[in-house]
$ cat input17.pdb   # PDB, C-alpha atoms
ATOM      1  CA  MET A1203      19.654 -65.096 -32.035
ATOM      2  CA  ALA A1204      22.555 -66.571 -33.969
ATOM      3  CA  LEU A1205      24.801 -68.953 -32.084
ATOM      4  CA  HIS A1206      27.892 -67.531 -33.708
ATOM      5  CA  ALA A1207      30.540 -67.864 -31.000
ATOM      6  CA  PRO A1208      33.556 -70.062 -31.738
ATOM      7  CA  SER A1209      33.629 -73.513 -30.191
ATOM      8  CA  LEU A1210      35.674 -74.330 -27.093
ATOM      9  CA  ARG A1211      37.679 -77.425 -26.189
ATOM     10  CA  LEU A1212      35.675 -79.469 -23.672
ATOM     11  CA  THR A1213      36.405 -82.636 -21.735
ATOM     12  CA  VAL A1214      33.420 -84.344 -20.108
ATOM     13  CA  SER A1215      34.129 -86.921 -17.406
ATOM     14  CA  ASP A1216      32.304 -90.150 -16.772
ATOM     15  CA  ALA A1217      29.201 -89.643 -14.646
ATOM     16  CA  TRP A1218      28.844 -90.760 -11.037
ATOM     17  CA  ARG A1219      25.832 -91.142  -8.814
ATOM     18  CA  ILE A1220      25.281 -88.458  -6.163
ATOM     19  CA  SER A1221      21.890 -89.232  -4.580
ATOM     20  CA  PRO A1222      21.448 -92.275  -2.310
ATOM     21  CA  PRO A1223      19.314 -95.219  -3.501
ATOM     22  CA  GLY A1224      15.891 -96.071  -2.167
ATOM     23  CA  HIS A1225      14.050 -92.841  -2.957
ATOM     24  CA  ARG A1226      13.132 -90.764  -5.997
ATOM     25  CA  HIS A1227      15.442 -87.790  -6.556
ATOM     26  CA  TRP A1228      14.837 -85.346  -9.407
ATOM     27  CA  PHE A1229      14.917 -81.656 -10.401
ATOM     28  CA  PRO A1230      18.436 -81.071  -8.971
ATOM     29  CA  ARG A1231      20.073 -77.800  -7.929
ATOM     30  CA  LEU A1232      23.608 -76.857  -6.892
ATOM     31  CA  PHE A1233      24.828 -74.095  -4.559
ATOM     32  CA  GLU A1234      28.238 -73.015  -3.222
ATOM     33  CA  LEU A1235      28.621 -72.166   0.457
ATOM     34  CA  PRO A1236      31.002 -69.440   1.733
ATOM     35  CA  ASP A1237      33.649 -72.035   2.697
ATOM     36  CA  GLY A1238      33.700 -73.454  -0.834
ATOM     37  CA  SER A1239      31.730 -76.586   0.014
ATOM     38  CA  LEU A1240      28.716 -77.447  -2.124
ATOM     39  CA  LEU A1241      25.045 -78.018  -1.424
ATOM     40  CA  GLN A1242      23.147 -80.239  -3.828
ATOM     41  CA  PHE A1243      19.396 -80.364  -3.344
ATOM     42  CA  ASP A1244      16.489 -81.867  -5.262
ATOM     43  CA  SER A1245      12.818 -82.719  -5.070
ATOM     44  CA  THR A1246      11.634 -86.058  -3.716
ATOM     45  CA  VAL A1247       7.892 -85.623  -4.280
ATOM     46  CA  ASP A1248       5.567 -85.619  -7.264
ATOM     47  CA  ASP A1249       5.826 -82.773  -9.763
ATOM     48  CA  ALA A1250       2.618 -81.117  -8.539
ATOM     49  CA  ILE A1251       1.933 -78.015  -6.468
ATOM     50  CA  GLU A1252      -0.164 -80.039  -4.023
ATOM     51  CA  ALA A1253       2.883 -82.192  -3.253
ATOM     52  CA  ILE A1254       5.523 -79.443  -3.354
ATOM     53  CA  ARG A1255       3.615 -77.211  -0.926
ATOM     54  CA  GLN A1256       3.910 -79.861   1.779
ATOM     55  CA  GLU A1257       6.836 -79.834   4.204
ATOM     56  CA  SER A1258       9.974 -81.974   3.833
ATOM     57  CA  GLY A1259       9.588 -82.577   0.100
ATOM     58  CA  SER A1260      13.271 -82.286  -0.798
ATOM     59  CA  SER A1261      16.636 -83.836  -0.026
ATOM     60  CA  TRP A1262      19.897 -82.000   0.687
ATOM     61  CA  ARG A1263      23.544 -83.052   0.842
ATOM     62  CA  ARG A1264      26.936 -81.386   1.214
ATOM     63  CA  SER A1265      30.306 -82.013  -0.435
ATOM     64  CA  PHE A1266      33.746 -80.875   0.715
ATOM     65  CA  ASP A1267      35.657 -82.429  -2.215
ATOM     66  CA  GLN A1268      34.259 -80.720  -5.334
ATOM     67  CA  GLY A1269      31.284 -83.074  -5.545
ATOM     68  CA  GLN A1270      33.047 -86.430  -5.442
ATOM     69  CA  THR A1271      31.459 -87.533  -2.158
ATOM     70  CA  TRP A1272      28.443 -86.234  -0.262
ATOM     71  CA  GLN A1273      27.079 -86.118   3.276
ATOM     72  CA  GLU A1274      23.309 -86.268   3.656
ATOM     73  CA  LEU A1275      21.780 -83.316   5.539
ATOM     74  CA  PRO A1276      18.540 -82.556   7.360
ATOM     75  CA  VAL A1277      16.085 -80.753   5.116
ATOM     76  CA  PRO A1278      14.465 -77.345   5.544
ATOM     77  CA  ALA A1279      10.721 -77.362   6.024
ATOM     78  CA  HIS A1280      10.086 -76.005   2.524
ATOM     79  CA  GLU A1281      11.857 -76.640  -0.748
ATOM     80  CA  GLY A1282      13.475 -73.416  -1.930
ATOM     81  CA  TYR A1283      16.528 -71.470  -3.058
ATOM     82  CA  PRO A1284      19.445 -70.198  -0.938
ATOM     83  CA  VAL A1285      21.618 -67.110  -0.952
ATOM     84  CA  VAL A1286      24.593 -65.994   1.150
ATOM     85  CA  LEU A1287      23.636 -62.857   3.079
ATOM     86  CA  ALA A1288      26.051 -59.989   3.657
ATOM     87  CA  ASP A1289      26.928 -61.284   7.145
ATOM     88  CA  GLY A1290      27.711 -64.767   5.818
ATOM     89  CA  ARG A1291      24.475 -66.461   6.838
ATOM     90  CA  VAL A1292      22.874 -68.787   4.284
ATOM     91  CA  ARG A1293      19.123 -68.213   3.948
ATOM     92  CA  THR A1294      16.738 -70.176   1.759
ATOM     93  CA  PHE A1295      13.424 -68.925   0.352
ATOM     94  CA  SER A1296      10.500 -71.194  -0.426
ATOM     95  CA  TYR A1297       9.566 -71.993  -4.008
ATOM     96  CA  ILE A1298       5.888 -71.898  -3.079
ATOM     97  CA  LEU A1299       4.208 -68.605  -2.152
ATOM     98  CA  TRP A1300       0.940 -68.278  -0.252
ATOM     99  CA  GLN A1301      -1.704 -65.588   0.250
ATOM    100  CA  ARG A1302      -3.265 -64.698   3.597
ATOM    101  CA  ASP A1303      -6.944 -63.881   4.001
ATOM    102  CA  ASP A1304      -6.074 -60.172   3.971
ATOM    103  CA  GLY A1305      -4.421 -60.537   0.552
ATOM    104  CA  GLN A1306      -0.796 -60.360   1.741
ATOM    105  CA  VAL A1307       1.462 -62.743  -0.171
ATOM    106  CA  TYR A1308       4.209 -64.477   1.778
ATOM    107  CA  GLY A1309       6.867 -67.159   1.518
ATOM    108  CA  GLN A1310       8.859 -69.111   4.077
ATOM    109  CA  THR A1311      12.537 -68.664   4.961
ATOM    110  CA  SER A1312      15.022 -70.794   6.878
ATOM    111  CA  ASP A1313      18.706 -70.307   7.749
ATOM    112  CA  PHE A1314      21.368 -72.996   7.359
ATOM    113  CA  GLN A1315      23.520 -73.434  10.447
ATOM    114  CA  ALA A1316      26.834 -74.501   8.914
ATOM    115  CA  ASP A1317      28.481 -75.527  12.189
ATOM    116  CA  THR A1318      25.702 -77.966  13.082
ATOM    117  CA  ALA A1319      24.513 -78.644   9.508
ATOM    118  CA  THR A1320      20.918 -77.934  10.515
ATOM    119  CA  TRP A1321      18.164 -75.532   9.498
ATOM    120  CA  SER A1322      16.436 -72.939  11.637
ATOM    121  CA  ALA A1323      12.686 -72.973  12.104
ATOM    122  CA  SER A1324      10.791 -71.397   9.229
ATOM    123  CA  GLN A1325       9.675 -67.801   9.417
ATOM    124  CA  PRO A1326       7.506 -65.914   6.923
ATOM    125  CA  CYS A1327       8.740 -63.304   4.478
ATOM    126  CA  LEU A1328       6.389 -60.759   2.927
ATOM    127  CA  VAL A1329       6.115 -60.568  -0.871
ATOM    128  CA  ASN A1330       4.616 -57.427  -2.411
ATOM    129  CA  ILE A1331       3.775 -58.109  -6.051
ATOM    130  CA  PRO A1332       0.809 -57.396  -8.352
ATOM    131  CA  PRO A1333      -2.280 -59.564  -7.741
ATOM    132  CA  ALA A1334      -1.638 -63.162  -8.772
ATOM    133  CA  ALA A1335      -3.826 -66.061  -9.759
ATOM    134  CA  LEU A1336      -4.929 -68.080  -6.735
ATOM    135  CA  ARG A1337      -4.703 -71.863  -6.431
ATOM    136  CA  PRO A1338      -6.210 -74.176  -3.793
ATOM    137  CA  HIS A1339      -4.957 -73.968  -0.189
ATOM    138  CA  GLN A1340      -4.145 -70.258  -0.653
ATOM    139  CA  VAL A1341      -1.162 -71.027  -2.867
ATOM    140  CA  ILE A1342      -0.689 -68.253  -5.415
ATOM    141  CA  GLY A1343       0.082 -68.696  -9.101
ATOM    142  CA  MET A1344       3.616 -67.272  -8.851
ATOM    143  CA  VAL A1345       6.672 -69.163  -7.582
ATOM    144  CA  LEU A1346      10.124 -67.982  -6.533
ATOM    145  CA  ASP A1347      12.362 -69.921  -8.870
ATOM    146  CA  ARG A1348      16.100 -70.538  -9.177
ATOM    147  CA  SER A1349      17.869 -67.188  -8.784
ATOM    148  CA  VAL A1350      18.462 -65.225  -5.583
ATOM    149  CA  LEU A1351      21.394 -62.807  -6.008
ATOM    150  CA  ARG A1352      23.091 -60.568  -3.456
ATOM    151  CA  GLU A1353      24.283 -57.169  -4.611
ATOM    152  CA  PRO A1354      27.429 -55.485  -3.148
ATOM    153  CA  ASP A1355      25.296 -53.319  -0.840
ATOM    154  CA  GLY A1356      23.486 -56.382   0.544
ATOM    155  CA  THR A1357      20.326 -55.909  -1.510
ATOM    156  CA  LEU A1358      18.804 -59.175  -2.736
ATOM    157  CA  LEU A1359      17.308 -59.764  -6.177
ATOM    158  CA  ALA A1360      15.107 -62.764  -6.955
ATOM    159  CA  THR A1361      13.258 -64.114  -9.971
ATOM    160  CA  LEU A1362       9.680 -65.370 -10.039
ATOM    161  CA  TYR A1363       7.447 -66.840 -12.681
ATOM    162  CA  GLY A1364       3.818 -67.839 -12.992
ATOM    163  CA  HIS A1365       0.442 -66.304 -13.663
ATOM    164  CA  LEU A1366      -0.710 -62.952 -12.441
ATOM    165  CA  ALA A1367      -4.453 -62.515 -12.182
ATOM    166  CA  GLY A1368      -6.064 -62.767 -15.623
ATOM    167  CA  GLN A1369      -2.946 -64.014 -17.445
ATOM    168  CA  ALA A1370      -3.222 -67.078 -19.663
ATOM    169  CA  LYS A1371       0.543 -67.434 -20.219
ATOM    170  CA  TYR A1372       3.447 -67.539 -17.801
ATOM    171  CA  ASN A1373       5.453 -64.399 -17.137
ATOM    172  CA  CYS A1374       8.816 -63.820 -15.441
ATOM    173  CA  MET A1375       9.312 -61.051 -12.874
ATOM    174  CA  LEU A1376      12.004 -59.544 -10.659
ATOM    175  CA  MET A1377      11.663 -58.536  -7.024
ATOM    176  CA  ARG A1378      14.054 -56.900  -4.548
ATOM    177  CA  SER A1379      14.667 -57.042  -0.797
ATOM    178  CA  LYS A1380      16.614 -54.571   1.349
ATOM    179  CA  ASP A1381      16.177 -56.422   4.668
ATOM    180  CA  ASP A1382      17.829 -59.807   4.011
ATOM    181  CA  GLY A1383      14.743 -61.224   2.354
ATOM    182  CA  LEU A1384      12.185 -60.589   5.085
ATOM    183  CA  THR A1385      10.300 -58.184   2.781
ATOM    184  CA  TRP A1386      10.260 -58.336  -1.014
ATOM    185  CA  ASP A1387       8.972 -55.680  -3.418
ATOM    186  CA  TYR A1388       8.120 -55.948  -7.092
ATOM    187  CA  VAL A1389      10.674 -54.363  -9.434
ATOM    188  CA  SER A1390       9.818 -55.242 -13.030
ATOM    189  CA  SER A1391       8.472 -57.696 -15.558
ATOM    190  CA  ILE A1392      11.375 -59.507 -17.195
ATOM    191  CA  ALA A1393       9.332 -61.010 -20.025
ATOM    192  CA  TYR A1394       5.663 -61.528 -20.847
ATOM    193  CA  ASP A1395       3.963 -62.133 -24.195
ATOM    194  CA  PRO A1396       0.381 -63.426 -24.295
ATOM    195  CA  ASP A1397       0.854 -64.472 -27.918
ATOM    196  CA  ILE A1398       4.096 -66.425 -27.677
ATOM    197  CA  PRO A1399       3.693 -70.132 -28.574
ATOM    198  CA  GLY A1400       3.930 -72.590 -25.729
ATOM    199  CA  GLU A1401       3.527 -71.913 -22.023
ATOM    200  CA  GLY A1402       4.977 -68.427 -21.923
ATOM    201  CA  PHE A1403       8.191 -67.268 -20.294
ATOM    202  CA  CYS A1404       9.046 -69.390 -17.259
ATOM    203  CA  GLU A1405      11.843 -71.088 -15.279
ATOM    204  CA  PRO A1406      14.164 -68.077 -15.380
ATOM    205  CA  VAL A1407      17.776 -68.079 -14.327
ATOM    206  CA  MET A1408      19.426 -64.712 -13.770
ATOM    207  CA  ALA A1409      23.121 -63.866 -13.404
ATOM    208  CA  ARG A1410      25.333 -60.820 -13.186
ATOM    209  CA  VAL A1411      27.525 -61.364 -16.254
ATOM    210  CA  ALA A1412      30.950 -60.157 -17.371
ATOM    211  CA  ASP A1413      29.843 -56.819 -18.865
ATOM    212  CA  GLY A1414      27.987 -55.906 -15.652
ATOM    213  CA  SER A1415      24.493 -56.434 -17.020
ATOM    214  CA  LEU A1416      21.871 -58.773 -15.617
ATOM    215  CA  LEU A1417      21.107 -61.645 -17.991
ATOM    216  CA  ALA A1418      17.961 -63.794 -17.702
ATOM    217  CA  VAL A1419      17.520 -67.003 -19.708
ATOM    218  CA  MET A1420      14.049 -68.574 -19.781
ATOM    219  CA  ARG A1421      12.020 -71.562 -20.929
ATOM    220  CA  THR A1422       8.898 -71.169 -23.099
ATOM    221  CA  GLY A1423       7.763 -74.808 -23.403
ATOM    222  CA  GLY A1424       8.613 -78.232 -22.137
ATOM    223  CA  GLY A1425       7.966 -80.847 -24.782
ATOM    224  CA  TYR A1426      10.428 -83.380 -26.144
ATOM    225  CA  GLU A1427       9.727 -82.372 -29.742
ATOM    226  CA  ARG A1428      12.149 -79.387 -29.867
ATOM    227  CA  LYS A1429       9.297 -77.019 -30.541
ATOM    228  CA  PHE A1430       9.636 -74.269 -27.920
ATOM    229  CA  PRO A1431      13.067 -72.579 -27.716
ATOM    230  CA  MET A1432      14.664 -70.733 -24.833
ATOM    231  CA  TYR A1433      14.894 -66.942 -24.816
ATOM    232  CA  GLN A1434      17.058 -64.392 -23.060
ATOM    233  CA  CYS A1435      16.587 -60.811 -21.865
ATOM    234  CA  ARG A1436      19.119 -58.305 -20.566
ATOM    235  CA  SER A1437      18.939 -55.400 -18.134
ATOM    236  CA  LEU A1438      21.419 -52.525 -18.205
ATOM    237  CA  ASP A1439      19.868 -50.680 -15.257
ATOM    238  CA  ASN A1440      19.952 -53.280 -12.490
ATOM    239  CA  GLY A1441      16.639 -54.848 -13.370
ATOM    240  CA  GLN A1442      14.467 -51.762 -13.710
ATOM    241  CA  THR A1443      13.908 -52.435 -17.420
ATOM    242  CA  TRP A1444      14.665 -55.347 -19.729
ATOM    243  CA  SER A1445      15.465 -55.756 -23.398
ATOM    244  CA  ALA A1446      13.089 -57.431 -25.794
ATOM    245  CA  SER A1447      13.348 -61.202 -25.552
ATOM    246  CA  GLN A1448      15.803 -62.901 -27.938
ATOM    247  CA  ASN A1449      15.192 -66.389 -29.314
ATOM    248  CA  LEU A1450      18.259 -68.530 -28.587
ATOM    249  CA  GLY A1451      17.188 -71.317 -30.928
ATOM    250  CA  VAL A1452      18.042 -74.061 -28.398
ATOM    251  CA  TYR A1453      15.758 -76.357 -26.386
ATOM    252  CA  SER A1454      14.177 -76.237 -23.943
ATOM    253  CA  VAL A1455      13.876 -76.290 -20.122
ATOM    254  CA  ASP A1456      15.370 -75.131 -16.836
ATOM    255  CA  PRO A1457      18.542 -73.228 -17.772
ATOM    256  CA  ASP A1458      21.276 -72.552 -15.223
ATOM    257  CA  LEU A1459      24.107 -70.032 -15.621
ATOM    258  CA  CYS A1460      27.647 -69.944 -14.231
ATOM    259  CA  LEU A1461      30.179 -67.183 -14.903
ATOM    260  CA  MET A1462      33.542 -68.940 -14.710
ATOM    261  CA  SER A1463      36.812 -67.556 -13.344
ATOM    262  CA  ASN A1464      38.245 -67.548 -16.883
ATOM    263  CA  GLY A1465      35.502 -65.119 -17.978
ATOM    264  CA  ILE A1466      33.439 -67.686 -19.895
ATOM    265  CA  LEU A1467      29.704 -67.893 -19.200
ATOM    266  CA  ALA A1468      28.281 -71.435 -19.123
ATOM    267  CA  CYS A1469      24.615 -72.383 -19.549
ATOM    268  CA  SER A1470      23.176 -75.839 -18.862
ATOM    269  CA  PHE A1471      19.712 -76.774 -20.122
ATOM    270  CA  GLY A1472      18.001 -79.542 -22.042
ATOM    271  CA  ARG A1473      15.175 -81.746 -23.196
ATOM    272  CA  PRO A1474      15.135 -84.066 -24.871
ATOM    273  CA  THR A1475      18.866 -84.334 -24.057
ATOM    274  CA  MET A1476      21.021 -82.737 -21.342
ATOM    275  CA  GLU A1477      23.033 -79.933 -22.974
ATOM    276  CA  ILE A1478      25.565 -77.234 -22.190
ATOM    277  CA  MET A1479      26.650 -74.177 -24.173
ATOM    278  CA  PHE A1480      29.086 -71.343 -23.557
ATOM    279  CA  SER A1481      29.413 -67.629 -24.147
ATOM    280  CA  PRO A1482      33.132 -66.864 -24.601
ATOM    281  CA  ASP A1483      32.451 -63.128 -24.140
ATOM    282  CA  GLY A1484      31.081 -63.915 -20.681
ATOM    283  CA  SER A1485      27.870 -61.972 -21.245
ATOM    284  CA  GLY A1486      25.652 -63.972 -23.588
ATOM    285  CA  HIS A1487      26.183 -61.784 -26.646
ATOM    286  CA  GLY A1488      27.173 -64.935 -28.528
ATOM    287  CA  TRP A1489      26.845 -68.626 -27.694
ATOM    288  CA  THR A1490      28.588 -71.767 -28.899
ATOM    289  CA  GLU A1491      26.636 -74.630 -30.376
ATOM    290  CA  PRO A1492      25.320 -76.889 -27.587
ATOM    291  CA  THR A1493      27.203 -79.985 -26.487
ATOM    292  CA  THR A1494      25.207 -83.042 -25.384
ATOM    293  CA  VAL A1495      26.262 -84.203 -21.928
ATOM    294  CA  TYR A1496      23.671 -86.941 -21.369
ATOM    295  CA  PRO A1497      21.357 -88.375 -24.069
ATOM    296  CA  GLY A1498      19.270 -90.707 -21.889
ATOM    297  CA  ASN A1499      16.053 -90.482 -19.881
ATOM    298  CA  SER A1500      15.989 -87.299 -17.802
ATOM    299  CA  THR A1501      13.870 -84.302 -16.897
ATOM    300  CA  CYS A1502      16.952 -82.330 -18.084
ATOM    301  CA  TYR A1503      16.798 -80.104 -15.020
ATOM    302  CA  SER A1504      20.275 -79.307 -13.758
ATOM    303  CA  GLY A1505      22.627 -77.378 -11.494
ATOM    304  CA  LEU A1506      25.963 -75.904 -12.559
ATOM    305  CA  ARG A1507      28.917 -74.519 -10.558
ATOM    306  CA  GLU A1508      32.649 -74.017 -11.078
ATOM    307  CA  VAL A1509      34.536 -76.205  -8.573
ATOM    308  CA  ALA A1510      38.109 -75.434  -9.724
ATOM    309  CA  PRO A1511      39.519 -73.001 -12.287
ATOM    310  CA  GLY A1512      38.177 -74.122 -15.668
ATOM    311  CA  ARG A1513      36.266 -77.084 -14.205
ATOM    312  CA  LEU A1514      32.469 -77.209 -13.920
ATOM    313  CA  LEU A1515      30.371 -79.641 -11.939
ATOM    314  CA  LEU A1516      27.056 -80.353 -13.668
ATOM    315  CA  VAL A1517      24.352 -82.264 -11.798
ATOM    316  CA  TYR A1518      21.303 -83.732 -13.539
ATOM    317  CA  ASP A1519      18.750 -86.479 -12.961
ATOM    318  CA  SER A1520      18.255 -89.750 -14.814
ATOM    319  CA  ASN A1521      16.039 -92.816 -14.650
ATOM    320  CA  SER A1522      16.401 -96.330 -15.985
ATOM    321  CA  GLU A1523      13.670 -96.333 -18.612
ATOM    322  CA  GLY A1524      10.658 -94.481 -19.933
ATOM    323  CA  SER A1525       9.345 -91.119 -18.854
ATOM    324  CA  PRO A1526      10.876 -89.516 -15.744
ATOM    325  CA  TRP A1527       7.330 -88.769 -14.589
ATOM    326  CA  GLN A1528       6.402 -92.461 -14.670
ATOM    327  CA  ALA A1529       9.664 -93.774 -13.203
ATOM    328  CA  HIS A1530      10.372 -94.275  -9.518
ATOM    329  CA  ASP A1531      14.147 -94.749  -9.636
ATOM    330  CA  ASN A1532      15.104 -91.185 -10.595
ATOM    331  CA  GLN A1533      18.605 -90.380  -9.351
ATOM    332  CA  ILE A1534      21.017 -87.432  -9.336
ATOM    333  CA  ASN A1535      24.301 -87.740 -11.226
ATOM    334  CA  GLY A1536      27.363 -85.540 -11.561
ATOM    335  CA  VAL A1537      29.894 -84.939 -14.323
ATOM    336  CA  TYR A1538      32.915 -82.675 -14.566
ATOM    337  CA  ILE A1539      33.279 -80.497 -17.639
ATOM    338  CA  ASP A1540      36.740 -79.054 -18.191
ATOM    339  CA  VAL A1541      36.667 -75.963 -20.372
ATOM    340  CA  GLY A1542      39.798 -75.161 -22.395
TER     341      GLY A1542
END
$ encode --input "input17.pdb" --output "C-alpha cells"
Amino acid sequence: MALHAPSLRLTVSDAWRISPPGHRHWFPRLFELPDGSLLQFDSTVDDAIEAIRQESGSSWRRSFDQGQTWQELPVPAHEGYPVVLADGRVRTFSYILWQRDDGQVYGQTSDFQADTATWSASQPCLVNIPPAALRPHQVIGMVLDRSVLREPDGTLLATLYGHLAGQAKYNCMLMRSKDDGLTWDYVSSIAYDPDIPGEGFCEPVMARVADGSLLAVMRTGGGYERKFPMYQCRSLDNGQTWSASQNLGVYSVDPDLCLMSNGILACSFGRPTMEIMFSPDGSGHGWTEPTTVYPGNSTCYSGLREVAPGRLLLVYDSNSEGSPWQAHDNQINGVYIDVG
C-alpha cells in the first residue's frame, strides 16, 4: 500500500523515565480511565508463556498529569487488557487463555476499583472460539491481545491471535461479548494466510476510525532486518467480514492506534527503531512516511494516547545496551508528540 499521505508538522519532546528502577519493565501499554487519568502497564517477567501465565507478572501505575508523574498501583492477578464498561467500571481481560478438561476455553477478568486503586479478585470468563492448539498447563495457542472496544450499545469487541488447531502460521480473530465480557463468542477471522512469509498475522490492534469502519493493523514478523512488513485489514460491517490484507511497507511489530480529536489517526510501531506514522484522513486510507522517535535498544513495543488536543503521549521501553531480551535494566519511557 502506498504511503502517499502528505507529511505533518511534528514536535517530539525529550524523553523521561516512567517506570521505577530496580526491576525489568518492558512491553508497555497505555490506557485512559473515565476521569481522564492514565494507566500505564507493562510486563516484568520473561517473554515466555510459562512466565506470563503466572500471577503478578506485570506492573501498573497511574498518572493524573498527562503522564508527567506516576503513582505505582497494585497489580491484577493476570496481565491483560482493560476496557471501560457501559456503567463506568474498568474491567481487564487476561492475555493468556486456558482450556478446561471439558474443552471449554476461558480467561480471567478483574475490575479496577478507582476509589481505592485496587483490583477485584479474578473471575473466569468463557471464550467460545474454534478449537485451538494446546500448550502445556492447559494454556491454549490463542491469546487476547491489545484491543478491547466497547460499542455504543455496550457490546464488547476484542482481538485475538495465535494458532488454531492444525495451523502452522499465526492468525488474527475477532470475538464479541454481550454480557460485559463474561462470555465471548467467535465472530470472524481478521486475517490468515498459511503462505505469507514470516510468522503470520499477529499482534493486532483494532480501532473504530473516522469513516466508521473497523481498522486492524498487524505484525507478520519480528526480526531487526526489516524483512516482514505490517499489514492492515478493514471491516465495513462491524467485524463480520474483513478486506484482503494490505501491505503497509513499514516494519514491524506491535502497532498501536489512536484516533485524535483533530481527526488524524496515529499509529506507533517499530523494530529496529521506534516509529510513528499518521493517517490525515483519520481512517488509514493513506499514511505519512514514518518518523523515528527512538533509535536505540528497544523491543519497540509501545502505547499511544492523546493527552491534550493535538498532543500524544507515546510510551516505549529501552535498555542500556545489547538485546532487550538479554538485558535486565529495561525501563519504560515517555515522550510527547505534538501534531500540527
$ closest_residue --input "input17.pdb" --among "A:Asp1540, A:Val1509, A:Arg1473, A:Tyr1433" --to "Ser1265 of chain A" --atoms "only C-alpha atoms"
A:Val1509
$ resolve_selection --input "input17.pdb" --expression "the PyMOL selection byres ((chain A and resi 1489) around 6)" --output "PyMOL selection string"
chain A and resi 1205+1207+1480-1481+1488+1490
$ resolve_selection --input "input17.pdb" --expression "the PyMOL selection byres ((chain A and resi 1435-1440) around 8)" --output "short mmCIF file (atom, residue, chain, number, x, y, z; two decimals) with C-alpha atoms, in the frame of the given file"
data_model
loop_
_atom_site.label_atom_id
_atom_site.label_comp_id
_atom_site.auth_asym_id
_atom_site.auth_seq_id
_atom_site.Cartn_x
_atom_site.Cartn_y
_atom_site.Cartn_z
CA ILE A 1392 11.38 -59.51 -17.20
CA ALA A 1393 9.33 -61.01 -20.02
CA GLY A 1414 27.99 -55.91 -15.65
CA SER A 1415 24.49 -56.43 -17.02
CA LEU A 1416 21.87 -58.77 -15.62
CA LEU A 1417 21.11 -61.64 -17.99
CA ALA A 1418 17.96 -63.79 -17.70
CA VAL A 1419 17.52 -67.00 -19.71
CA TYR A 1433 14.89 -66.94 -24.82
CA GLN A 1434 17.06 -64.39 -23.06
CA GLY A 1441 16.64 -54.85 -13.37
CA GLN A 1442 14.47 -51.76 -13.71
CA THR A 1443 13.91 -52.44 -17.42
CA TRP A 1444 14.66 -55.35 -19.73
CA SER A 1445 15.46 -55.76 -23.40
CA ALA A 1446 13.09 -57.43 -25.79
CA SER A 1447 13.35 -61.20 -25.55
CA GLN A 1448 15.80 -62.90 -27.94
#
$ atom_distance --input "input17.pdb" --atom1 "atom CA of Ser1239 of chain A" --atom2 "atom CA of Arg1226 of chain A"
24.1 Å
$ axis_aligned_box --input "input17.pdb" --around "segment 1501-1520 of chain A" --padding-each-side "5 Å" --output "JSON"
{"center_x": 26.7, "center_y": -81.4, "center_z": -13.3, "size_x": 35.6, "size_y": 26.7, "size_z": 19.5}
$ resolve_selection --input "input17.pdb" --expression "the PyMOL selection byres ((chain A and resi 1353) around 12)" --output "ChimeraX atom specification"
/A:1285-1288,1350-1352,1354-1360,1378-1380,1382,1409-1410,1414,1416,1440-1441
$ atom_distance --input "input17.pdb" --atom1 "atom CA of Asp1483 of chain A" --atom2 "atom CA of Arg1507 of chain A"
18.1 Å
$ closest_residue --input "input17.pdb" --among "A:Thr1318, A:Ser1504, A:Thr1246, A:Ser1258" --to "His1530 of chain A" --atoms "all atoms listed in the file"
A:Thr1246
$ atom_distance --input "input17.pdb" --atom1 "atom CA of Arg1219 of chain A" --atom2 "atom CA of Ile1466 of chain A"
27.0 Å
$ residues_around --input "input17.pdb" --residues "Trp1300 of chain A" --least-positions-apart "2" --cutoff "9 Å" --atoms "all atoms listed in the file" --output "list in words"
Ile1298, Arg1302, Gln1306, Val1307, Tyr1308, Gly1309, Leu1336, His1339, Gln1340, Val1341, Ile1342 and Gly1343 of chain A
$ write_last_selection --input "input17.pdb" --atoms "C-alpha atoms" --output "short mmCIF file (atom, residue, chain, number, x, y, z; two decimals), in the frame of the given file"
data_model
loop_
_atom_site.label_atom_id
_atom_site.label_comp_id
_atom_site.auth_asym_id
_atom_site.auth_seq_id
_atom_site.Cartn_x
_atom_site.Cartn_y
_atom_site.Cartn_z
CA ILE A 1298 5.89 -71.90 -3.08
CA ARG A 1302 -3.26 -64.70 3.60
CA GLN A 1306 -0.80 -60.36 1.74
CA VAL A 1307 1.46 -62.74 -0.17
CA TYR A 1308 4.21 -64.48 1.78
CA GLY A 1309 6.87 -67.16 1.52
CA LEU A 1336 -4.93 -68.08 -6.74
CA HIS A 1339 -4.96 -73.97 -0.19
CA GLN A 1340 -4.14 -70.26 -0.65
CA VAL A 1341 -1.16 -71.03 -2.87
CA ILE A 1342 -0.69 -68.25 -5.42
CA GLY A 1343 0.08 -68.70 -9.10
#
$ residues_around --input "input17.pdb" --residues "Gly1368 of chain A" --least-positions-apart "4" --cutoff "12 Å" --atoms "all atoms listed in the file" --output "list in words"
Pro1332, Pro1333, Ala1334, Ala1335, Leu1336, Gly1343, Gly1364, Tyr1372, Asn1373 and Pro1396 of chain A
$ closest_residue --input "input17.pdb" --among "A:Trp1321, A:Phe1243, A:Trp1228, A:Trp1262" --to "Ala1529 of chain A" --atoms "only C-alpha atoms"
A:Trp1228
$ closest_residue --input "input17.pdb" --among "A:Gln1256, A:Ser1454, A:Ser1349, A:Thr1385" --to "Val1407 of chain A" --atoms "all atoms listed in the file"
A:Ser1349
